[in-house]
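Report on one structure; see the data block that follows.
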Amino acid sequence: MPLLNENYQNLEESYLFAEIARRVSKYEEAHPDQKIIRLGIGDVTKPLTKKAIAALHEAVDMQAVSETFKGYGPEKGYEFLRNAISAYYKRNGADVDPDTIFISDGAKSDTGNITDLFAKDNVVLVPDPVYPVYVDTNIMDGRKIVYINGTAENNFLPMPDPSIKADLIYLCSPNNPTGACYDKEQLKCWIDYARSNQAVILFDAAYEAFVSQPGLPHSIYEIEGAKECAIEFCSLSKTAGFTGTRCSYTVIPKELVFTASNGVEMSLHAMWNRRHSTKFNGTPYIVQYAAAAVFTEEGMAECQANIDYYRENARIISQVLDQKKIPYTGGVNSPYIWFECPKGMESWEFFDYLLENAQVVGTPGAGFGENGKNYFRLTAFGQHESTKEAMKRFDQLF
Ligand code: MLT
């Protein structure tokens, strides 16, 4: 009989978005005539842009001809894409060597898989509320997790507490779920804290394309010292609507070298390269080819138009919350709006109430941690008409 990873007993029975889907289908089965509006999981509704689609077609045709056919690709991903991503970083004021970029199939997979590089007895620092993947994957490995509070008092932007010693620090900015975004000074404090603790920051930048206020960082590498302490994850899911197409990138600077217990110097870049080439055979060529098209000037302009479309949804949602004087964060530099549940409700109670009375699905804050138990998240990734309709129903309810 195999010995099992009993840490799985410490997880919630199902992953947050699986639980939401379960409750929604149950409601749908009982009320087949109701029109449900889904503003829960952050999945895009706009199709891939013209440029990405044209590149996909072109790459498919290349796969049909011996001269251009591609089998297994380079383990880090194709150079043409890594160069395009590096140039994109440069435009945002960060100097990222293409050789430190690894192409992958999702920021979710990479933020989960990165735990392979670290021993079980590291202390992990996680803000609460937080994207559940960081917590669940560390529970699976049996690591000790310490939480720092994100609350309305600190605008959901917790800052380092020097009395806490941690080895791994998860940060997400613009934040999922709260939509709050760190400025450069705040990130510099985190970098200084990480360096003084010899800790590694695992920085999730999946929502960077939504930053709209000038001066706010898109990448942690815009800040001095980050290469000595930070790994960054980013994705085309939200930037370019690749949630179903799958392409992401992770940057592991070569400066990240630590001394093992036997005195050997180990590089996180080399370790991830070893892991990636052992456990992963790469993102499909056609997807990488389409991803490179996203980073062209025309490709970026098309993505920006889609992001502006989603921003308008965020404005529609925020406007109703403003009218109702419901406190919220997000929506400006992020596709998420995070608000206090009306009438003092708890978040799962509010989830059921909204589903039953307005047929609108959102995400209960409790799914992101203790500090979310009276909060609720709506996504701006819907279509205009359904977002307007959802907020009309919301308006009539409160
Ligand atoms: C979310 O809704 O939090 C995200 O879409 C989940 C994800 O990106 O995996």
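A note on labels: chains of the structure tokens are A, B, ... as shown, every chain counts residues from 1, and ligands are counted from 1 in their shown order.
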Item to complete: Around ligand 1, at most 9 Å away and counting only C-alpha atoms and all ligand atoms, which residues are there? Put them as a VMD selection string, please.
Response: chain A and resid 17 40 to 44 106 to 109 131 to 133 176 to 177 206 237 to 238 243 336 363 379
Write to file, as a PDB file, in the first residue's frame, the residues of the selection just made, with C-alpha atoms.
ATOM      1  CA  PHE A  17     -13.487  28.050  -7.938  1.00  0.00           C
ATOM      2  CA  GLY A  40     -16.944  35.050 -10.292  1.00  0.00           C
ATOM      3  CA  ILE A  41     -13.789  33.479 -11.679  1.00  0.00           C
ATOM      4  CA  GLY A  42     -11.553  35.972 -13.500  1.00  0.00           C
ATOM      5  CA  ASP A  43     -12.024  34.475 -16.929  1.00  0.00           C
ATOM      6  CA  VAL A  44     -12.000  36.725 -19.977  1.00  0.00           C
ATOM      7  CA  GLY A 106       0.339  29.298 -16.736  1.00  0.00           C
ATOM      8  CA  ALA A 107       1.222  31.502 -13.790  1.00  0.00           C
ATOM      9  CA  LYS A 108      -0.995  29.214 -11.716  1.00  0.00           C
ATOM     10  CA  SER A 109       1.115  26.157 -12.590  1.00  0.00           C
ATOM     11  CA  TYR A 131      -4.867  33.896  -4.263  1.00  0.00           C
ATOM     12  CA  PRO A 132      -5.564  30.418  -2.812  1.00  0.00           C
ATOM     13  CA  VAL A 133      -2.957  28.631  -4.950  1.00  0.00           C
ATOM     14  CA  ASN A 176      -5.878  39.241  -6.665  1.00  0.00           C
ATOM     15  CA  PRO A 177      -8.404  39.444  -5.006  1.00  0.00           C
ATOM     16  CA  ALA A 206      -0.366  38.388 -13.707  1.00  0.00           C
ATOM     17  CA  SER A 237      -4.159  35.004 -19.621  1.00  0.00           C
ATOM     18  CA  LYS A 238      -5.402  38.395 -18.520  1.00  0.00           C
ATOM     19  CA  THR A 243      -6.978  31.754 -20.337  1.00  0.00           C
ATOM     20  CA  TYR A 336     -11.210  43.015  -9.723  1.00  0.00           C
ATOM     21  CA  THR A 363     -16.457  35.218  -5.447  1.00  0.00           C
ATOM     22  CA  THR A 379     -14.691  40.615 -11.939  1.00  0.00           C
TER      23      THR A 379
END
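The list of residues with at least one atom within 9 Å of Ile286 of chain A, based on only C-alpha atoms and without residues fewer than 4 positions apart in the same chain, reads Ala55, Leu56, His57, Glu58, Ala59, Val60, Met62, Gln63, Ala290 and Ala291 of chain A.
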Practice prompt. Would you please give, as an MDAnalysis selection string, all residues of segment 232-336 of chain A that DSSP assigns to alpha helix (DSSP H) based on the backbone?
Written response: chainID A and resid 236:240 268:279 285:294 297:323
Filtering to C-alpha atoms, could you give me those residues as a compact mmCIF listing (two decimals), in the first residue's frame?
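Saved to part.txt:
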# COMPACT_ATOMS: atom_id res chain seq x y z
CA LEU A 236 -0.87 36.20 -21.11
CA SER A 237 -4.16 35.00 -19.62
CA LYS A 238 -5.40 38.39 -18.52
CA THR A 239 -3.13 40.53 -20.72
CA ALA A 240 -4.15 38.91 -23.99
CA LEU A 268 17.50 28.83 -8.36
CA HIS A 269 17.77 29.56 -12.08
CA ALA A 270 19.74 26.34 -12.67
CA MET A 271 17.41 24.35 -10.42
CA TRP A 272 14.28 25.59 -12.22
CA ASN A 273 15.94 24.87 -15.57
CA ARG A 274 16.58 21.33 -14.36
CA ARG A 275 13.03 20.96 -13.10
CA HIS A 276 11.44 22.53 -16.18
CA SER A 277 13.40 20.32 -18.58
CA THR A 278 12.64 17.21 -16.53
CA LYS A 279 8.96 17.66 -15.83
CA TYR A 285 4.99 26.08 -30.66
CA ILE A 286 1.81 27.53 -32.17
CA VAL A 287 0.91 29.14 -28.84
CA GLN A 288 4.38 30.62 -28.39
CA TYR A 289 4.21 31.96 -31.94
CA ALA A 290 0.86 33.64 -31.18
CA ALA A 291 2.24 34.96 -27.88
CA ALA A 292 5.09 36.65 -29.75
CA ALA A 293 2.51 38.38 -31.96
CA VAL A 294 0.87 39.76 -28.81
CA GLU A 297 3.12 47.09 -31.36
CA GLU A 298 -0.11 46.18 -33.15
CA GLY A 299 -0.68 43.17 -30.88
CA MET A 300 -0.24 45.29 -27.78
CA ALA A 301 -2.61 47.97 -29.10
CA GLU A 302 -5.30 45.32 -29.67
CA CYS A 303 -4.83 43.94 -26.14
CA GLN A 304 -5.01 47.46 -24.75
CA ALA A 305 -8.36 47.96 -26.47
CA ASN A 306 -9.68 44.82 -24.76
CA ILE A 307 -8.30 45.95 -21.40
CA ASP A 308 -10.04 49.30 -21.88
CA TYR A 309 -13.27 47.41 -22.54
CA TYR A 310 -12.88 45.56 -19.23
CA ARG A 311 -11.99 48.84 -17.49
CA GLU A 312 -15.35 50.21 -18.57
CA ASN A 313 -16.99 47.23 -16.81
CA ALA A 314 -14.98 48.06 -13.69
CA ARG A 315 -16.32 51.62 -13.92
CA ILE A 316 -19.91 50.34 -14.23
CA ILE A 317 -19.47 48.18 -11.12
CA SER A 318 -17.71 50.90 -9.12
CA GLN A 319 -20.34 53.49 -10.00
CA VAL A 320 -23.10 51.44 -8.37
CA LEU A 321 -20.95 50.77 -5.30
CA ASP A 322 -20.21 54.51 -5.06
CA GLN A 323 -23.92 55.33 -5.25
Would you mind writing down, as a CSV table (one decimal) with N, CA, C and O atoms, in the first residue's frame, each residue of segment 168-222 of chain A that DSSP on the backbone assigns to strand (DSSP E or B)?
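Here's the written file states_12.csv:
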chain,number,residue,atom,x,y,z
A,168,LEU,N,10.2,32.5,2.4
A,168,LEU,CA,9.5,32.7,1.1
A,168,LEU,C,8.4,33.7,1.3
A,168,LEU,O,7.6,33.5,2.3
A,169,ILE,N,8.3,34.6,0.4
A,169,ILE,CA,7.2,35.7,0.6
A,169,ILE,C,6.4,35.7,-0.7
A,169,ILE,O,7.0,36.0,-1.8
A,170,TYR,N,5.1,35.5,-0.6
A,170,TYR,CA,4.3,35.7,-1.8
A,170,TYR,C,3.7,37.1,-1.9
A,170,TYR,O,3.1,37.5,-0.9
A,171,LEU,N,3.9,37.7,-3.0
A,171,LEU,CA,3.2,39.0,-3.2
A,171,LEU,C,2.6,39.0,-4.6
A,171,LEU,O,3.1,38.4,-5.5
A,172,CYS,N,1.4,39.7,-4.6
A,172,CYS,CA,0.7,39.7,-5.9
A,172,CYS,C,0.3,41.2,-6.1
A,172,CYS,O,-0.5,41.7,-5.2
A,200,VAL,N,13.3,34.9,-0.3
A,200,VAL,CA,12.9,35.0,-1.7
A,200,VAL,C,11.5,35.5,-1.8
A,200,VAL,O,10.6,34.9,-1.2
A,201,ILE,N,11.3,36.5,-2.7
A,201,ILE,CA,9.9,37.0,-2.9
A,201,ILE,C,9.4,36.3,-4.2
A,201,ILE,O,10.1,36.2,-5.2
A,202,LEU,N,8.2,35.7,-4.1
A,202,LEU,CA,7.6,35.1,-5.3
A,202,LEU,C,6.5,36.1,-5.7
A,202,LEU,O,5.5,36.2,-5.1
A,203,PHE,N,6.8,36.8,-6.8
A,203,PHE,CA,6.0,38.0,-7.1
A,203,PHE,C,5.1,37.7,-8.3
A,203,PHE,O,5.6,37.4,-9.4
A,204,ASP,N,3.8,37.7,-8.1
A,204,ASP,CA,2.9,37.4,-9.1
A,204,ASP,C,2.4,38.7,-9.8
A,204,ASP,O,1.7,39.5,-9.1
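Take atom CA of Val361 of chain A and atom CA of Gly112 of chain A: the distance between them is 26.2 Å.
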Practice prompt. Within 7 Å of Gly93 of chain A, counting only C-alpha atoms, which residues show up once you throw out same-chain ones fewer than 3 positions away? Write them as number ranges by chain, please.
Written response: A: 89-90, 222
Only N, CA and C atoms, please: the residues just picked out, written as a compact mmCIF listing (two decimals), in the first residue's frame.
# COMPACT_ATOMS: atom_id res chain seq x y z
N TYR A 89 9.51 44.11 -21.20
CA TYR A 89 9.98 44.54 -19.89
C TYR A 89 10.71 45.88 -20.01
N LYS A 90 11.54 45.98 -21.04
CA LYS A 90 12.33 47.20 -21.23
C LYS A 90 11.41 48.40 -21.39
N GLU A 222 11.45 46.65 -11.78
CA GLU A 222 11.61 48.10 -11.96
C GLU A 222 12.27 48.71 -10.72
Worksheet item: Can you tell me, as an NGL selection string, what residues are no more than 10 Å from segment 134-151 of chain A when counting only C-alpha atoms, ignoring any on the same chain fewer than 2 positions away?
Response: :A and (5-12 or 15 or 108 or 111-116 or 118-132 or 153-161 or 164-166 or 168-171 or 178 or 180 or 202 or 368-372)
